[in-house]
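Novice: So I've got this file, protein.txt, and it contains compact mmCIF, C-alpha atoms and all ligand atoms:
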# COMPACT_ATOMS: atom_id res chain seq x y z
CA MET A 273 5.54 13.76 9.40
CA GLN A 274 5.01 16.44 6.75
CA ARG A 275 5.54 15.08 3.24
CA ASP A 276 6.06 16.99 0.02
CA PRO A 277 2.82 17.25 -1.97
CA LEU A 278 2.68 15.25 -5.19
CA ASP A 279 3.94 17.18 -8.17
CA ARG A 280 2.34 17.21 -11.60
CA ASP A 281 4.50 14.44 -13.03
CA GLN A 282 3.79 12.16 -10.08
CA ARG A 283 0.05 12.70 -10.38
CA ILE A 284 0.09 12.11 -14.13
CA GLY A 285 2.29 9.06 -13.57
CA LEU A 286 -0.26 7.54 -11.23
CA HIS A 287 -2.93 8.08 -13.85
CA ALA A 288 -0.80 6.59 -16.62
CA ASP A 289 -0.20 3.46 -14.54
CA MET A 290 -3.92 2.96 -13.98
CA LEU A 291 -4.68 3.44 -17.67
CA LEU A 292 -2.03 0.92 -18.69
CA ILE A 293 -3.30 -1.64 -16.18
CA ARG A 294 -6.90 -1.19 -17.36
CA ALA A 295 -5.95 -1.36 -21.05
CA PHE A 296 -3.81 -4.46 -20.47
CA GLU A 297 -6.52 -6.25 -18.53
CA ASP A 298 -9.31 -5.24 -20.90
CA ARG A 299 -7.26 -7.05 -23.53
CA ILE A 300 -6.81 -10.05 -21.24
CA THR A 301 -10.59 -10.16 -20.79
CA GLN A 302 -11.12 -10.03 -24.53
CA MET A 303 -8.49 -12.69 -25.27
CA ALA A 304 -9.75 -14.93 -22.46
CA HIS A 305 -13.02 -15.26 -24.35
CA GLU A 306 -11.33 -16.19 -27.63
CA GLN A 307 -11.12 -19.96 -27.89
CA GLY A 308 -7.60 -21.28 -27.32
CA ARG A 309 -6.01 -17.83 -27.04
CA LEU A 310 -4.89 -17.86 -23.39
CA PRO A 311 -4.05 -20.91 -21.30
CA GLY A 312 -5.60 -21.46 -17.87
CA MET A 313 -7.41 -19.08 -15.61
CA GLN A 314 -7.22 -15.31 -16.04
CA ILE A 315 -7.57 -13.17 -12.93
CA THR A 316 -7.77 -9.40 -13.36
CA CYS A 317 -7.86 -6.43 -11.00
CA HIS A 318 -10.56 -4.41 -12.81
CA GLY A 319 -11.64 -1.66 -10.39
CA GLN A 320 -8.59 -2.08 -8.14
CA GLU A 321 -6.05 -0.23 -10.27
CA ALA A 322 -5.66 2.60 -7.75
CA VAL A 323 -4.29 0.22 -5.15
CA ALA A 324 -1.61 -1.15 -7.46
CA ALA A 325 -0.57 2.25 -8.82
CA GLY A 326 -0.86 4.12 -5.52
CA VAL A 327 1.12 1.64 -3.43
CA VAL A 328 3.73 0.48 -5.93
CA ARG A 329 4.63 4.03 -6.97
CA ALA A 330 5.34 4.79 -3.30
CA LEU A 331 8.01 2.05 -3.16
CA THR A 332 11.69 2.45 -3.92
CA PRO A 333 13.49 0.03 -6.26
CA ARG A 334 15.12 -1.73 -3.31
CA ASP A 335 11.76 -2.49 -1.69
CA VAL A 336 10.54 -6.03 -2.22
CA ILE A 337 7.07 -6.97 -3.47
CA VAL A 338 5.33 -10.24 -2.67
CA THR A 339 2.12 -10.51 -4.63
CA ASN A 340 -0.79 -12.88 -5.08
CA HIS A 341 -3.06 -14.28 -7.79
CA ARG A 342 -4.37 -10.78 -8.70
CA SER A 343 -0.92 -9.51 -9.63
CA HIS A 344 -0.92 -7.90 -13.09
CA GLY A 345 -1.46 -4.39 -11.73
CA HIS A 346 1.36 -4.70 -9.21
CA LEU A 347 3.79 -5.86 -11.89
CA LEU A 348 2.84 -3.24 -14.47
CA ALA A 349 3.06 -0.44 -11.88
CA ARG A 350 6.53 -1.77 -10.99
CA GLY A 351 7.59 -1.19 -14.59
CA VAL A 352 7.46 -4.72 -15.95
CA ASP A 353 7.28 -4.63 -19.74
CA PRO A 354 3.70 -5.40 -20.86
CA GLY A 355 5.04 -7.58 -23.72
CA ALA A 356 7.12 -9.73 -21.36
CA LEU A 357 4.16 -9.98 -18.99
CA LEU A 358 1.68 -10.98 -21.69
CA ALA A 359 4.14 -13.44 -23.23
CA GLU A 360 4.51 -15.05 -19.80
CA ILE A 361 0.76 -15.26 -19.34
CA MET A 362 0.68 -16.98 -22.74
CA GLY A 363 3.46 -19.38 -21.71
CA ARG A 364 5.90 -18.08 -24.33
CA GLN A 365 9.67 -18.20 -24.34
CA GLY A 366 9.95 -14.40 -24.44
CA GLY A 367 7.96 -14.15 -21.22
CA LEU A 368 9.13 -12.66 -17.98
CA ASN A 369 9.91 -16.14 -16.64
CA HIS A 370 10.68 -17.83 -19.98
CA GLY A 371 7.13 -19.13 -20.19
CA LYS A 372 7.50 -21.30 -17.09
CA SER A 373 5.33 -19.42 -14.59
CA GLY A 374 2.23 -18.52 -16.52
CA THR A 375 -0.04 -15.95 -14.95
CA LEU A 376 -0.11 -17.43 -11.46
CA HIS A 377 3.56 -17.66 -10.47
CA LEU A 378 5.02 -14.48 -11.90
CA ALA A 379 8.27 -13.14 -10.50
CA ASP A 380 10.73 -10.44 -11.50
CA PRO A 381 13.78 -10.71 -9.26
CA GLY A 382 15.48 -7.85 -11.13
CA ARG A 383 12.73 -5.53 -9.93
CA ASN A 384 12.54 -7.14 -6.51
CA VAL A 385 9.19 -8.71 -7.25
CA LEU A 386 10.10 -11.78 -5.29
CA MET A 387 7.23 -14.03 -6.13
CA THR A 388 3.55 -14.60 -6.70
CA SER A 389 2.04 -17.08 -4.28
CA THR A 390 -1.44 -18.18 -5.20
CA VAL A 391 -1.84 -20.14 -2.00
CA VAL A 392 -4.29 -17.79 -0.34
CA GLY A 393 -2.69 -16.32 2.79
CA ALA A 394 0.80 -17.67 2.08
CA GLY A 395 2.24 -14.39 0.77
CA PRO A 396 2.38 -12.60 4.14
CA LEU A 397 4.21 -15.51 5.71
CA LEU A 398 6.68 -15.76 2.83
CA ALA A 399 7.22 -12.01 3.06
CA MET A 400 8.62 -12.60 6.55
CA GLY A 401 11.70 -14.21 5.02
CA ALA A 402 12.34 -11.27 2.71
CA ALA A 403 11.75 -8.76 5.48
CA PHE A 404 13.93 -10.67 7.92
CA ALA A 405 16.75 -10.64 5.35
CA GLN A 406 16.38 -6.88 4.90
CA HIS A 407 16.41 -6.39 8.66
CA TYR A 408 19.37 -8.75 9.22
CA ARG A 409 21.44 -7.11 6.49
CA GLN A 410 20.47 -3.67 7.79
CA GLU A 411 19.18 -2.66 4.38
CA GLN A 412 16.88 0.28 3.90
CA GLY A 413 14.30 -1.80 2.06
CA VAL A 414 10.74 -2.61 3.06
CA THR A 415 8.82 -5.71 2.01
CA CYS A 416 5.37 -4.89 0.68
CA VAL A 417 2.97 -7.79 0.60
CA PHE A 418 -0.41 -7.69 -1.15
CA PHE A 419 -3.19 -10.01 -0.03
CA GLY A 420 -6.96 -10.14 -0.23
CA ASP A 421 -9.69 -9.69 2.35
CA GLY A 422 -10.40 -13.41 2.10
CA ALA A 423 -6.75 -14.17 2.81
CA ALA A 424 -6.97 -12.09 5.97
CA ALA A 425 -9.09 -14.87 7.45
CA GLU A 426 -6.24 -17.38 7.12
CA GLY A 427 -4.21 -18.29 10.19
CA SER A 428 -0.97 -17.75 8.26
CA VAL A 429 -1.76 -14.02 7.95
CA HIS A 430 -2.20 -13.76 11.72
CA GLU A 431 1.12 -15.55 12.26
CA ALA A 432 2.89 -13.25 9.82
CA MET A 433 1.52 -10.08 11.39
CA ASN A 434 2.34 -11.29 14.87
CA LEU A 435 5.89 -12.28 13.95
CA ALA A 436 6.52 -9.08 12.01
CA ALA A 437 5.38 -7.04 14.99
CA VAL A 438 7.37 -9.04 17.55
CA TRP A 439 10.55 -8.82 15.46
CA LYS A 440 9.83 -5.27 14.26
CA LEU A 441 10.31 -6.31 10.64
CA PRO A 442 9.97 -3.71 7.87
CA VAL A 443 6.76 -5.01 6.30
CA LEU A 444 3.90 -3.11 4.76
CA PHE A 445 0.85 -5.38 4.75
CA VAL A 446 -1.52 -4.21 2.02
CA CYS A 447 -4.96 -5.79 2.18
CA GLU A 448 -6.88 -5.31 -1.07
CA SER A 449 -10.31 -5.44 0.46
CA ASN A 450 -12.36 -5.89 -2.69
CA CYS A 451 -15.61 -7.07 -1.05
CA TRP A 452 -15.28 -10.62 -2.39
CA ALA A 453 -13.34 -13.83 -1.82
CA GLY A 454 -14.33 -16.00 -4.74
CA ALA A 455 -18.15 -16.03 -4.55
CA GLN A 456 -18.21 -15.26 -0.83
CA ALA A 457 -19.06 -11.71 0.22
CA HIS A 458 -16.82 -9.82 2.64
CA LYS A 459 -19.48 -9.75 5.39
CA GLU A 460 -19.77 -13.54 5.26
CA HIS A 461 -16.15 -14.11 6.23
CA CYS A 462 -15.16 -10.98 8.13
CA PRO A 463 -17.08 -10.38 11.37
CA ILE A 464 -15.20 -7.19 12.22
CA GLY A 465 -15.81 -5.51 8.87
CA GLU A 466 -12.60 -3.46 8.95
CA ILE A 467 -9.55 -5.68 8.70
CA ALA A 468 -7.32 -2.68 9.47
CA ALA A 469 -8.78 -2.61 12.98
CA ARG A 470 -6.91 -5.85 13.67
CA ALA A 471 -3.61 -3.93 13.53
CA ALA A 472 -4.18 -2.79 17.10
CA SER A 473 -3.97 -6.37 18.31
CA TYR A 474 -0.45 -6.60 16.89
CA ASN A 475 0.50 -3.19 18.25
CA MET A 476 1.16 -1.88 14.75
CA PRO A 477 -0.40 1.10 13.00
CA GLY A 478 -3.28 0.32 10.67
CA GLU A 479 -5.71 2.26 8.59
CA MET A 480 -8.59 1.68 6.22
CA THR A 481 -8.29 3.86 3.12
CA ASP A 482 -10.50 4.52 0.13
CA GLY A 483 -8.88 2.11 -2.32
CA ASN A 484 -10.46 3.85 -5.31
CA ASP A 485 -8.72 7.16 -4.57
CA VAL A 486 -5.28 6.72 -6.09
CA GLU A 487 -3.70 9.81 -4.56
CA GLY A 488 -5.12 8.97 -1.13
CA VAL A 489 -3.77 5.41 -1.40
CA HIS A 490 -0.39 6.79 -2.44
CA GLU A 491 -0.24 9.23 0.48
CA THR A 492 -1.22 6.58 3.00
CA ALA A 493 1.37 4.17 1.59
CA ARG A 494 4.07 6.85 1.75
CA GLY A 495 3.28 7.49 5.41
CA PHE A 496 3.32 3.82 6.36
CA LEU A 497 6.51 3.16 4.38
CA GLU A 498 8.27 5.90 6.34
CA HIS A 499 7.17 4.15 9.50
CA CYS A 500 8.45 0.76 8.29
CA ARG A 501 11.73 2.23 7.03
CA SER A 502 12.48 3.95 10.30
CA GLY A 503 12.83 0.67 12.19
CA LYS A 504 9.49 0.89 13.98
CA GLY A 505 8.21 -2.36 12.52
CA PRO A 506 5.28 -3.30 10.28
CA ALA A 507 2.06 -1.50 9.33
CA LEU A 508 -1.26 -2.62 7.93
CA MET A 509 -3.03 -0.75 5.20
CA GLU A 510 -6.50 -1.86 4.12
CA CYS A 511 -7.67 -0.50 0.78
CA ARG A 512 -11.45 -0.75 0.44
CA THR A 513 -12.23 -1.28 -3.20
CA TYR A 514 -14.36 -3.52 -5.41
CA ARG A 515 -13.63 -6.46 -7.70
CA MET A 516 -15.53 -5.30 -10.80
CA HIS A 517 -15.14 -8.60 -12.67
CA GLY A 518 -15.75 -12.14 -11.47
CA HIS A 519 -13.07 -13.97 -9.52
CA GLY A 520 -11.59 -14.91 -12.87
CA GLU A 521 -12.69 -14.15 -16.39
CA HIS A 522 -14.65 -17.43 -16.48
CA ASP A 523 -16.88 -16.19 -13.64
CA GLN A 524 -19.99 -14.35 -14.81
CA GLN A 525 -20.76 -12.94 -11.32
CA GLN A 526 -24.38 -14.15 -11.21
CA TYR A 527 -24.17 -13.91 -7.41
CA VAL A 528 -23.38 -10.17 -7.43
CA ASP A 529 -26.13 -7.65 -6.73
CA LYS A 530 -26.44 -5.51 -9.87
CA ASP A 531 -27.18 -2.31 -7.93
CA GLU A 532 -24.08 -2.81 -5.80
CA LEU A 533 -21.99 -3.32 -8.91
CA ALA A 534 -23.46 -0.20 -10.54
CA SER A 535 -22.82 1.85 -7.42
CA TRP A 536 -19.13 0.85 -7.41
CA ALA A 537 -18.92 1.47 -11.16
CA GLY A 538 -19.84 5.05 -10.29
CA ARG A 539 -16.70 5.21 -8.12
CA ASP A 540 -14.35 3.97 -10.84
CA PRO A 541 -10.83 4.98 -9.74
CA ILE A 542 -9.74 6.04 -13.22
CA VAL A 543 -12.80 8.18 -13.97
CA ARG A 544 -12.56 9.75 -10.51
CA HIS A 545 -8.89 10.60 -10.87
CA ALA A 546 -9.41 12.03 -14.36
CA GLU A 547 -12.02 14.38 -12.87
CA VAL A 548 -9.62 15.43 -10.11
CA LEU A 549 -6.83 16.12 -12.60
CA ARG A 550 -9.17 18.15 -14.82
CA ARG A 551 -10.46 20.08 -11.83
CA ASP A 552 -6.86 20.96 -10.95
CA GLY A 553 -6.16 22.23 -14.45
CA LEU A 554 -4.10 19.22 -15.55
CA GLY A 555 -6.50 18.06 -18.26
CA GLU A 556 -4.13 19.03 -21.07
CA PHE A 557 -1.48 16.64 -19.73
CA MET A 558 -3.89 13.74 -20.10
CA ALA A 559 -4.18 14.20 -23.85
CA GLY A 560 -3.23 11.04 -25.74
CA MET A 561 -2.68 8.98 -22.59
CA LEU A 562 -5.45 6.52 -23.32
CA GLU A 563 -4.19 6.00 -26.87
CA ARG A 564 -0.63 5.46 -25.62
CA ALA A 565 -1.83 2.82 -23.17
CA ASP A 566 -3.73 1.02 -25.95
CA GLN A 567 -0.72 1.20 -28.25
CA ALA A 568 1.53 -0.27 -25.55
CA VAL A 569 -0.91 -3.17 -25.27
CA ASP A 570 -1.02 -3.59 -29.06
CA ARG A 571 2.77 -3.87 -29.05
CA ALA A 572 2.60 -6.34 -26.16
CA VAL A 573 0.17 -8.56 -28.08
CA ALA A 574 2.34 -8.47 -31.20
CA PHE A 575 5.44 -9.33 -29.17
CA ALA A 576 3.76 -12.17 -27.29
CA ASP A 577 2.17 -13.63 -30.44
CA ALA A 578 5.55 -13.65 -32.19
CA SER A 579 7.28 -15.38 -29.29
CA PRO A 580 7.53 -19.19 -29.62
CA PHE A 581 6.66 -21.70 -26.92
CA PRO A 582 9.72 -22.93 -25.00
CA PRO A 583 11.26 -26.00 -26.69
CA PRO A 584 10.76 -29.34 -24.87
CA GLU A 585 14.48 -29.68 -24.14
CA GLU A 586 14.24 -26.54 -21.96
CA ALA A 587 11.41 -27.95 -19.86
CA LEU A 588 13.54 -28.21 -16.73
CA ASP A 589 15.52 -24.99 -17.22
CA HIS A 590 14.76 -21.88 -15.14
CA LEU A 591 12.89 -23.84 -12.49
CA TYR A 592 15.42 -24.07 -9.67
CA VAL A 593 18.35 -21.97 -8.54
CA ASN A 594 21.53 -23.97 -9.01
CA PRO A 595 23.33 -23.48 -5.67
CA ILE A 596 26.69 -24.49 -7.10
CA LEU A 597 26.50 -22.00 -9.96
CA ARG A 598 25.31 -19.35 -7.53
CA GLU A 599 28.30 -19.84 -5.27
CA GLY A 600 30.60 -19.80 -8.29
C1 LIG B 1 -5.16 -21.92 0.71
C2 LIG B 1 -6.07 -21.68 -0.47
N1 LIG B 1 -7.39 -21.84 -0.34
C3 LIG B 1 -8.22 -21.63 -1.38
C4 LIG B 1 -7.72 -21.25 -2.60
C5 LIG B 1 -8.66 -20.97 -3.79
N2 LIG B 1 -8.79 -19.51 -3.94
C6 LIG B 1 -8.04 -18.83 -4.83
S1 LIG B 1 -8.32 -17.19 -4.77
C7 LIG B 1 -9.50 -17.37 -3.59
C8 LIG B 1 -10.23 -16.17 -3.04
C9 LIG B 1 -9.30 -15.24 -2.35
O1 LIG B 1 -10.00 -14.10 -1.93
P1 LIG B 1 -9.21 -12.84 -1.47
O2 LIG B 1 -8.10 -13.23 -0.56
O3 LIG B 1 -10.19 -11.87 -0.95
O4 LIG B 1 -8.52 -12.29 -2.80
P2 LIG B 1 -9.25 -11.76 -4.13
O5 LIG B 1 -9.43 -12.95 -5.01
O6 LIG B 1 -10.52 -11.15 -3.73
O7 LIG B 1 -8.29 -10.79 -4.71
C10 LIG B 1 -9.65 -18.70 -3.24
C11 LIG B 1 -10.58 -19.19 -2.21
C12 LIG B 1 -6.31 -21.08 -2.71
N3 LIG B 1 -5.74 -20.68 -3.86
N4 LIG B 1 -5.52 -21.27 -1.64
MG MG B 2 -11.10 -10.27 -1.91
Please, can you express the file's structure as C-alpha cells?
Ligand SMILES: Cc1ncc(C[n+]2csc(CCOP(=O)(O)OP(=O)(O)O)c2C)c(N)n1
Ligand SMILES: [Mg+2]
Specialist:
Amino acid sequence: MQRDPLDRDQRIGLHADMLLIRAFEDRITQMAHEQGRLPGMQITCHGQEAVAAGVVRALTPRDVIVTNHRSHGHLLARGVDPGALLAEIMGRQGGLNHGKSGTLHLADPGRNVLMTSTVVGAGPLLAMGAAFAQHYRQEQGVTCVFFGDGAAAEGSVHEAMNLAAVWKLPVLFVCESNCWAGAQAHKEHCPIGEIAARAASYNMPGEMTDGNDVEGVHETARGFLEHCRSGKGPALMECRTYRMHGHGEHDQQQYVDKDELASWAGRDPIVRHAEVLRRDGLGEFMAGMLERADQAVDRAVAFADASPFPPPEEALDHLYVNPILREG
C-alpha cells in the first residue's frame, strides 16, 4: 500500500527522540559509575535508538507496548517524562511507578505501556493476552512487543508467534537484533542468522531491516502495523543493530572485537540521520536540538534528586490491583 512520505516535522521528531534517548542514557552511564548514585543494574540501548524511535513513533496511542529489560528508549519515544523515568530508576516516590518498579519493571498504563518483563522471552507470550483482548473487544489497537535476538531462541517466543498466527492476533513482533545476548554473540545462538526468516514458518510476513536507519525502521513498522490493524494477523520485524555498550553498564565488553565495535560506531544511527537531514536541506531545523535534549535531562536529574524515597508505610501500596476497588 502507498503511504504518505514523512513530512519535515515527522523526520525532525524522529531525530529529537533519538537525541533525547542518547542524552538520557549517556547520563545513566555517567551516574552508574558514581558510587551509590543509582541502585541495581543499568541497561541502556546505546546504538539502538533508531529502533525505539522508528517503531514507537509509528504506533497510535491506543496501541499497546510490551517491552523488555532494554526499555528506556521505548518509554521515552512513547512520551514518558524523563524526570518520572529517572526518578523511577532511582526508586523515588515521584517515579513513574512511585519508586516500586525500578528500572527493570517499568510500566505506564496511561500510555498503554503495559509492562516490562525482564524474563527473557516472556514478553511475546504476555503480549498474547493484550492482543487477544484487543481482538476480542474489536478494538483498532495493535500490541507491539520488543524482544532481543537472544530471546528469539526461547521456546516461549515460538509459542507466542504460533498462537498469534493461528488466532490472527494483531501483534507486531519487533526483534532488536543487536548481535549480542549477554556475552554470547548472535552467531553462537542463532543458526539461521536472520530471525525474520522464521516468520515464514508461522505464515506471517517478516522482514529484516537496517535497525540503524531510523526512517527505514519507521517505514517498515508503518507497513507492518497496517497489516496487523487490518485483521490479517501478526508480523515479525527484525531490526539489525548493535549493542554499543556492555549488557549493562557494569560490563566492560572485554569479549567484544574492537574492530567490530568501531565498524558499528561508524554506522551510528544518530550521526547517519543527521547527515540525511542535512543532505535534504533540513540542517537549520536541527539547531539547538542537542542542547534541548541535554537540558531535558538536566531537569530530569534535578527532579529525581529532589524526589524522596517512598516512606516505609507505603511499601505495599501500588503493587497489586485491588479488584474490589476496580469493580467499584
Ligand atoms: C529466562 C531468562 N534467562 C536468562 C536471563 C538473564 N538475561 C537477562 S538479559 C539476557 C540476554 C538477553 O539477550 P537478548 O534477548 O538478545 O536481549 P539484549 O540484552 O541483547 O537486548 C539474559 C541471558 C533472564 N533475565 N531470563
Ligand atoms: Mg541481543
Novice: Find, counting only C-alpha atoms and all ligand atoms, the residue in A:Gly488, A:Gly520, A:Gly355, A:Pro381 that gets nearest to ligand LIG 1 (chain B).
Specialist: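 Result for the nearest residue to ligand LIG 1 (chain B): A:Gly520.
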Novice: So, with only C-alpha atoms as the atoms that count, which of A:Gly503, A:Pro583, A:Gly345, A:Gly553 lies closest to Ala437 (chain A)?
Specialist: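 Of all the options, A:Gly503 lies closest to Ala437 (chain A).
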Novice: Step by step, measure atom-to-atom distances between ligand MG 2 (chain B) and each residue using only C-alpha atoms and all ligand atoms, keep those at most 8 Å, then write them as a list in words.
Specialist: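 Within the 8 Å cut-off, the matching residues are Gly420, Asp421, Gly422, Ala423, Glu448, Ser449, Asn450, Cys451, Trp452, Ala453, Gly454, His458 and Arg515 of chain A.
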Novice: Could you write those residues out with C-alpha atoms, as a PDB file, in the frame of the given file?
Specialist:
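Output (out_38.pdb):
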ATOM      1  CA  GLY A 420      -6.960 -10.140  -0.230  1.00  0.00           C
ATOM      2  CA  ASP A 421      -9.690  -9.690   2.350  1.00  0.00           C
ATOM      3  CA  GLY A 422     -10.400 -13.410   2.100  1.00  0.00           C
ATOM      4  CA  ALA A 423      -6.750 -14.170   2.810  1.00  0.00           C
ATOM      5  CA  GLU A 448      -6.880  -5.310  -1.070  1.00  0.00           C
ATOM      6  CA  SER A 449     -10.310  -5.440   0.460  1.00  0.00           C
ATOM      7  CA  ASN A 450     -12.360  -5.890  -2.690  1.00  0.00           C
ATOM      8  CA  CYS A 451     -15.610  -7.070  -1.050  1.00  0.00           C
ATOM      9  CA  TRP A 452     -15.280 -10.620  -2.390  1.00  0.00           C
ATOM     10  CA  ALA A 453     -13.340 -13.830  -1.820  1.00  0.00           C
ATOM     11  CA  GLY A 454     -14.330 -16.000  -4.740  1.00  0.00           C
ATOM     12  CA  HIS A 458     -16.820  -9.820   2.640  1.00  0.00           C
ATOM     13  CA  ARG A 515     -13.630  -6.460  -7.700  1.00  0.00           C
TER      14      ARG A 515
END
Novice: Near Pro442 (chain A), within 6 Å and counting all atoms listed in the file, which residues show up once chain neighbours fewer than 2 positions away are dropped, as a CSV table (one decimal) with C-alpha atoms, keeping the file's coordinate frame?
Specialist:
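Output below, filename result-v1.csv:
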chain,number,residue,atom,x,y,z
A,403,ALA,CA,11.8,-8.8,5.5
A,414,VAL,CA,10.7,-2.6,3.1
A,500,CYS,CA,8.4,0.8,8.3
A,505,GLY,CA,8.2,-2.4,12.5
A,506,PRO,CA,5.3,-3.3,10.3
Novice: In Å, how far is it from CA of Gln406 (chain A) to CA of Leu441 (chain A)?
Specialist: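 Taking CA of Gln406 (chain A) as the start and CA of Leu441 (chain A) as the end point, the length is 8.4 Å.
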Novice: Nearest to ligand LIG 1 (chain B) among A:Leu533, A:Ala304, A:Met400, A:Cys462, with distances taken over all atoms listed in the file: which residue is it?
Specialist: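 Comparing A:Leu533, A:Ala304, A:Met400, A:Cys462 against ligand LIG 1 (chain B), the winner is A:Cys462.
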Novice: Take region 520-537 of chain A, bring it up to N, CA, C and O atoms, and give me the output as a CSV table (one decimal), in the coordinates of the input.
Specialist:
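Wrote out-v1.csv, looks like this:
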chain,number,residue,atom,x,y,z
A,520,GLY,N,-12.4,-14.8,-11.7
A,520,GLY,CA,-11.6,-14.9,-12.9
A,520,GLY,C,-12.5,-14.6,-14.1
A,520,GLY,O,-13.7,-14.4,-13.9
A,521,GLU,N,-11.9,-14.6,-15.2
A,521,GLU,CA,-12.7,-14.2,-16.4
A,521,GLU,C,-13.7,-15.2,-16.8
A,521,GLU,O,-14.6,-14.9,-17.6
A,522,HIS,N,-13.6,-16.4,-16.2
A,522,HIS,CA,-14.6,-17.4,-16.5
A,522,HIS,C,-15.9,-17.2,-15.7
A,522,HIS,O,-17.0,-17.8,-15.9
A,523,ASP,N,-15.8,-16.3,-14.7
A,523,ASP,CA,-16.9,-16.2,-13.6
A,523,ASP,C,-17.8,-15.0,-14.0
A,523,ASP,O,-17.4,-13.9,-14.1
A,524,GLN,N,-19.1,-15.4,-14.3
A,524,GLN,CA,-20.0,-14.4,-14.8
A,524,GLN,C,-20.7,-13.5,-13.7
A,524,GLN,O,-21.6,-12.8,-14.0
A,525,GLN,N,-20.3,-13.7,-12.5
A,525,GLN,CA,-20.8,-12.9,-11.3
A,525,GLN,C,-22.3,-13.0,-11.1
A,525,GLN,O,-22.9,-12.0,-10.7
A,526,GLN,N,-22.9,-14.1,-11.4
A,526,GLN,CA,-24.4,-14.2,-11.2
A,526,GLN,C,-24.8,-13.8,-9.8
A,526,GLN,O,-25.9,-13.4,-9.5
A,527,TYR,N,-23.9,-14.1,-8.8
A,527,TYR,CA,-24.2,-13.9,-7.4
A,527,TYR,C,-24.0,-12.5,-6.9
A,527,TYR,O,-24.3,-12.1,-5.8
A,528,VAL,N,-23.6,-11.6,-7.8
A,528,VAL,CA,-23.4,-10.2,-7.4
A,528,VAL,C,-24.6,-9.3,-7.6
A,528,VAL,O,-25.3,-9.4,-8.7
A,529,ASP,N,-25.0,-8.5,-6.6
A,529,ASP,CA,-26.1,-7.6,-6.7
A,529,ASP,C,-25.8,-6.6,-7.8
A,529,ASP,O,-24.8,-5.9,-7.7
A,530,LYS,N,-26.7,-6.4,-8.7
A,530,LYS,CA,-26.4,-5.5,-9.9
A,530,LYS,C,-26.4,-4.0,-9.4
A,530,LYS,O,-25.6,-3.2,-10.0
A,531,ASP,N,-27.2,-3.7,-8.4
A,531,ASP,CA,-27.2,-2.3,-7.9
A,531,ASP,C,-25.9,-2.0,-7.2
A,531,ASP,O,-25.3,-0.9,-7.4
A,532,GLU,N,-25.4,-3.0,-6.5
A,532,GLU,CA,-24.1,-2.8,-5.8
A,532,GLU,C,-23.0,-2.6,-6.8
A,532,GLU,O,-22.1,-1.7,-6.7
A,533,LEU,N,-23.0,-3.4,-7.9
A,533,LEU,CA,-22.0,-3.3,-8.9
A,533,LEU,C,-22.1,-1.9,-9.6
A,533,LEU,O,-21.0,-1.3,-9.8
A,534,ALA,N,-23.3,-1.5,-9.9
A,534,ALA,CA,-23.5,-0.2,-10.5
A,534,ALA,C,-23.0,0.9,-9.6
A,534,ALA,O,-22.4,1.9,-10.1
A,535,SER,N,-23.2,0.8,-8.3
A,535,SER,CA,-22.8,1.8,-7.4
A,535,SER,C,-21.3,1.9,-7.4
A,535,SER,O,-20.7,3.0,-7.4
A,536,TRP,N,-20.6,0.8,-7.4
A,536,TRP,CA,-19.1,0.8,-7.4
A,536,TRP,C,-18.6,1.3,-8.8
A,536,TRP,O,-17.6,1.9,-8.8
A,537,ALA,N,-19.3,1.0,-9.8
A,537,ALA,CA,-18.9,1.5,-11.2
A,537,ALA,C,-18.9,3.0,-11.2
A,537,ALA,O,-18.1,3.6,-11.8
